[in-house]
Number of protein chains: 2
Amino acid sequence: MDSFAALADPVRRALLRRLAEGPARVVDLAAEHPISRPAVSKHLRVLGEAGLVSAADQGRERHYRLDRTGLEPLTAFLGELAAPAPPVPERALDGLELEVRRTGRDRRATARSTDHINDEETA
Amino acid sequence: MDSFAALADPVRRALLRRLAEGPARVVDLAAEHPISRPAVSKHLRVLGEAGLVSAADQGRERHYRLDRTGLEPLTAFLGELAAPAPPVPERALDGLELEVRRTGRDRRATARSTDHINDEETA
DNA sequence: ACTATTAGTAACTCATTGGTTACCAATACG
DNA sequence: CGTATTGGTAACCAATGAGTTACTAATAGT
């Protein structure tokens, strides 16, 4: 399932918002959302395939965390939808540009803002 | 159907990319894509409900065009997924520690050698 | 060694979606 | 007029998706 389809589900978006606050285990996420644990597990698998989350095993626990590299297709698509060559970009595009800069900044190296695209192996 | 679900379909994304180039009628879009005209019509309806396209009637023709305001939920969501500004970034701490040691030892050397602490703001 | 906890998978159900063909309404045009 | 063009809707079908319960595997803790 690609990033777009992965983001189509409101539960998965909620999970991502939650993971943006910090890593969590499956049981935690299931406790915070009105669905069963296997359902959360399946959502996390989808998000993992889309490159939106990554997991780290710690003993019997598995800690999931947000992987922002999976958002690249989204920002790329928004870029494609930008007006071809307007001398004065529209307001929506201003917001988009701001957003791209902001997601890149949290890697704490503003200078190399494109490194994060390939910084992890494919799942 | 919300914006996210609307963008989950690759055909709809292709339609939006096409409309980013300029307005088009249903027959045009159907000719450019490997699906029937009613299918295009249904996709356009979904995109319209999501606020991603708007239509203008001209006689018996209906001209669809991209409506970028429908992208706002997308950019908003990306904003929610941006890392909250870390209260105390690691690098700042490293710099602070260095600073403390140097200040205690030699005050004059400090001015020059700590320039890098703030150089991120210049980007 | 035994039990509780954590997490994934299997099998199933139900609803939704994306596509089709057939049909209808409205406008342009000879 | 009558006809072709344009576009939406209806009815239907196959595939997919999101959820459930039940089961299994592995690790932690006593």
# chains A, B, ... in the order shown; residues from 1 in each chain; ligands from 1

$ select_by_dssp --residues "segment 10-62 of chain A" --states "alpha helix (DSSP H)" --output "count of residues only"
32

$ interface_residues --of "chain C" --to "chain A" --cutoff "12 Å" --atoms "only C-alpha atoms (C1' of nucleotides)" --output "ChimeraX atom specification"
/C:5-10

$ closest_atom_pairs --of "chain D" --to "chain A" --cutoff "12 Å" --atoms "only C-alpha atoms (C1' of nucleotides)" --output "CSV"
residue,atom,partner,partner_atom,distance
D:DT16,C1',A:Met1,CA,11.4
D:DG17,C1',A:Asp9,CA,10.0
D:DA18,C1',A:Ala39,CA,7.9
D:DG19,C1',A:Ala39,CA,6.9
D:DT20,C1',A:Ser36,CA,8.2
D:DT21,C1',A:Pro38,CA,10.1
D:DA22,C1',A:Pro38,CA,11.6
D:DA25,C1',A:Arg60,CA,10.5
D:DA26,C1',A:Arg60,CA,6.7
D:DT27,C1',A:Arg60,CA,4.9
D:DA28,C1',A:Arg60,CA,7.9

$ closest_atom_pairs --of "chain A" --to "chain B" --cutoff "6 Å" --atoms "only C-alpha atoms" --output "Markdown table"
| residue | atom | partner | partner_atom | distance |
| --- | --- | --- | --- | --- |
| A:Phe4 | CA | B:Ala8 | CA | 4.7 |
| A:Ala5 | CA | B:Ala8 | CA | 4.4 |
| A:Ala8 | CA | B:Ala5 | CA | 4.4 |
| A:Arg17 | CA | B:Leu81 | CA | 5.9 |
| A:Ala20 | CA | B:Leu81 | CA | 5.6 |
| A:Leu81 | CA | B:Ala20 | CA | 5.6 |
| A:Thr103 | CA | B:Ala82 | CA | 5.4 |

$ atom_distance --atom1 "atom C1' of DA26 of chain C" --atom2 "atom C1' of DG2 of chain D"
14.9 Å

$ closest_residue --among "D:DA14, D:DT30, D:DT9, D:DA4" --to "DA28 of chain C" --atoms "only C-alpha atoms (C1' of nucleotides)"
D:DA4

$ atom_distance --atom1 "atom CA of Ala24 of chain B" --atom2 "atom CA of Ala55 of chain B"
9.5 Å
